[in-house]
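J.: Take a look at this one; I'll ask things after.
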Amino acid sequence: MKHALYYKSQKIATNTLVHILLITVSITCLYPLLWMIVSSLKTQDMIFKDISLIPHQFHFENYILAWKEGGFGRNFFNSIVYTLSVVCGIVIISSMAAYAFSRLKFAGSKFLFIMFMAAMMIPIPGSFVALYVLLNKLHLRNTPIGYILCMINVGLSTSIFLLKTFFDKMPKELEDAARIDGCSKIGIWRHVALPLAKPVLAVVVVFNALSVWNEYILALIIFDSRQFMPLQVALQTFQGEFVTNYPLLMAGLTITALPIIIVYLLMQKYIVKGVTQGAVVG
């Protein structure tokens, strides 16, 4: 009896410490986001003088000013188009390629897969010069399609790796049953492989959406015209040579962060499954 009580109390103490640690880490991660939102509701003077997390006055007009002065309308639309186009392209191409690498045996398949994996080791800035020259020769620089194709290329390697790992452990009996029902290889990919891969696809969607939505440097290299710039570039409006308008900048950052937070919350259930059980077919 004493041993049972001892182990029970020890388990409670361990769980308490783990929860305290997790809560501390969560607060550390959420505090910058909370500070950004609070600062977006202050004036320039209040940001430096008032360090409290609850402002004495809430200046919601900062969001309206940030939207108008930053010209967020066009850039916000651009970012949505780029993100949707890139994510859809990556999901379709990477899932088909991963299924082919996993199930189809053809000459050079291992070499091609190794090449894709090797591309993961190259940082994005390391390919800027090559991309710039290539887009110039193809007359795709300063065009939305050129930017979209570059971002699809950036996200393919990791996405193919994640999906191939999942397809490798997918039971072949499911495919045999689909063939008996008259499904072609494309039909099996569409009606069997993709529905089972929802958790991994959610990870692919969120990670690539985050990457495209937050991209900044590549857009500056590819685009000359402001009308094609994504939302992140519009934030430069509030940063002058000598003075930065912090309330409007924080309001702009909040507007920028909101869509990707919504995407994450909507797909959170699938993301947890994809990260913890991505290689298990349920």
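Starting from 1 in every chain, residues are counted up; chains themselves are A, B, ... following the order of the structure tokens, and ligands are numbered from 1 as listed.
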Give the helix (DSSP H, G or I) residues of region 142-206 of chain A, as assigned by DSSP on the backbone, as an mmCIF file with C-alpha atoms, in the first residue's frame.
T.:
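Output (result05.cif):
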data_model
loop_
_atom_site.group_PDB
_atom_site.id
_atom_site.type_symbol
_atom_site.label_atom_id
_atom_site.label_comp_id
_atom_site.auth_asym_id
_atom_site.auth_seq_id
_atom_site.Cartn_x
_atom_site.Cartn_y
_atom_site.Cartn_z
ATOM 1 C CA PRO A 144 4.027 36.274 -60.734
ATOM 2 C CA ILE A 145 4.421 32.939 -62.548
ATOM 3 C CA GLY A 146 8.208 33.097 -62.154
ATOM 4 C CA TYR A 147 7.889 33.682 -58.411
ATOM 5 C CA ILE A 148 5.321 30.887 -58.037
ATOM 6 C CA LEU A 149 7.502 28.385 -59.904
ATOM 7 C CA CYS A 150 10.516 29.273 -57.736
ATOM 8 C CA MET A 151 8.553 28.785 -54.521
ATOM 9 C CA ILE A 152 7.154 25.453 -55.727
ATOM 10 C CA ASN A 153 10.707 24.334 -56.434
ATOM 11 C CA VAL A 154 11.794 25.381 -52.939
ATOM 12 C CA GLY A 155 9.157 23.254 -51.184
ATOM 13 C CA LEU A 156 9.277 20.090 -53.297
ATOM 14 C CA SER A 157 12.196 18.211 -51.728
ATOM 15 C CA THR A 158 10.954 18.170 -48.133
ATOM 16 C CA SER A 159 7.374 17.458 -49.211
ATOM 17 C CA ILE A 160 8.421 14.507 -51.380
ATOM 18 C CA PHE A 161 10.484 13.082 -48.520
ATOM 19 C CA LEU A 162 7.579 13.290 -46.029
ATOM 20 C CA LEU A 163 5.033 11.781 -48.411
ATOM 21 C CA LYS A 164 7.308 9.003 -49.688
ATOM 22 C CA THR A 165 7.961 7.916 -46.101
ATOM 23 C CA PHE A 166 4.213 7.607 -45.604
ATOM 24 C CA PHE A 167 3.524 5.822 -48.912
ATOM 25 C CA ASP A 168 6.321 3.317 -48.231
ATOM 26 C CA LYS A 172 -0.220 -2.780 -50.626
ATOM 27 C CA GLU A 173 -3.421 -4.770 -50.056
ATOM 28 C CA LEU A 174 -5.372 -1.517 -50.346
ATOM 29 C CA GLU A 175 -3.937 -0.926 -53.818
ATOM 30 C CA ASP A 176 -4.647 -4.526 -54.864
ATOM 31 C CA ALA A 177 -8.266 -4.102 -53.806
ATOM 32 C CA ALA A 178 -8.502 -0.856 -55.786
ATOM 33 C CA ARG A 179 -7.061 -2.554 -58.893
ATOM 34 C CA ILE A 180 -9.671 -5.300 -58.628
ATOM 35 C CA LYS A 185 -2.511 4.020 -61.042
ATOM 36 C CA ILE A 186 -3.796 7.609 -61.137
ATOM 37 C CA GLY A 187 -7.079 6.424 -59.622
ATOM 38 C CA ILE A 188 -5.247 4.658 -56.780
ATOM 39 C CA TRP A 189 -3.180 7.785 -56.128
ATOM 40 C CA ARG A 190 -6.296 9.951 -56.076
ATOM 41 C CA HIS A 191 -8.826 7.724 -54.293
ATOM 42 C CA VAL A 192 -6.594 5.636 -52.002
ATOM 43 C CA ALA A 193 -3.201 7.257 -51.372
ATOM 44 C CA LEU A 194 -4.259 10.903 -50.961
ATOM 45 C CA PRO A 195 -7.177 10.292 -48.538
ATOM 46 C CA LEU A 196 -4.944 8.156 -46.318
ATOM 47 C CA LYS A 198 -4.326 13.602 -45.022
ATOM 48 C CA PRO A 199 -2.241 14.044 -41.818
ATOM 49 C CA VAL A 200 1.017 14.278 -43.782
ATOM 50 C CA LEU A 201 -0.582 16.519 -46.408
ATOM 51 C CA ALA A 202 -1.687 18.850 -43.598
ATOM 52 C CA VAL A 203 1.940 19.151 -42.464
ATOM 53 C CA VAL A 204 3.022 19.808 -46.064
ATOM 54 C CA VAL A 205 0.314 22.449 -46.525
ATOM 55 C CA VAL A 206 1.025 24.356 -43.308
#
J.: Find, counting only C-alpha atoms, the residue in A:Tyr270, A:Leu235, A:Ala97, A:Pro230 that gets nearest to Phe76 (chain A).
T.: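 Nearest to Phe76 (chain A): A:Pro230.
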J.: Can you work out the spacing between CA of Gly182 (chain A) and CA of Arg103 (chain A) in Å, to one decimal?
T.: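 Going from CA of Gly182 (chain A) over to CA of Arg103 (chain A), I get 17.7 Å.
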J.: Work out how far apart CA of Cys88 (chain A) and CA of Arg226 (chain A) are and give it in Å to one decimal.
T.: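 We find that CA of Cys88 (chain A) and CA of Arg226 (chain A) lie 24.6 Å from each other.
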J.: Just the number, please: distance in Å from CA of Val87 (chain A) to CA of Ser225 (chain A), one decimal.
T.: 23.6 Å
J.: Please determine, counting only C-alpha atoms, which residue among A:Phe113, A:Trp67, A:Tyr7, A:Trp213 has the shortest atom-to-atom distance to Met250 (chain A).
T.: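 For Met250 (chain A), the nearest of the candidates is A:Trp67.
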J.: Do you know which residues are at most 12 Å from Phe128 (chain A) counting only C-alpha atoms, after dropping those on the same chain fewer than 5 positions away, and could you put them as a list in words?
T.: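 The residues that qualify are Ile122, Pro123, Val133, Leu134, Leu135, Tyr147, Cys150, Met151, Val154, Ile217, Leu218, Ala219, Leu220, Ile221 and Ile222 of chain A.
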J.: Compare A:Asn245, A:Ser127, A:Asn214, A:Gln236 by their minimum atom-to-atom distance to Asn62 (chain A), counting only C-alpha atoms, and give me the closest one.
T.: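 Ranking A:Asn245, A:Ser127, A:Asn214, A:Gln236 by distance to Asn62 (chain A), first place goes to A:Asn245.
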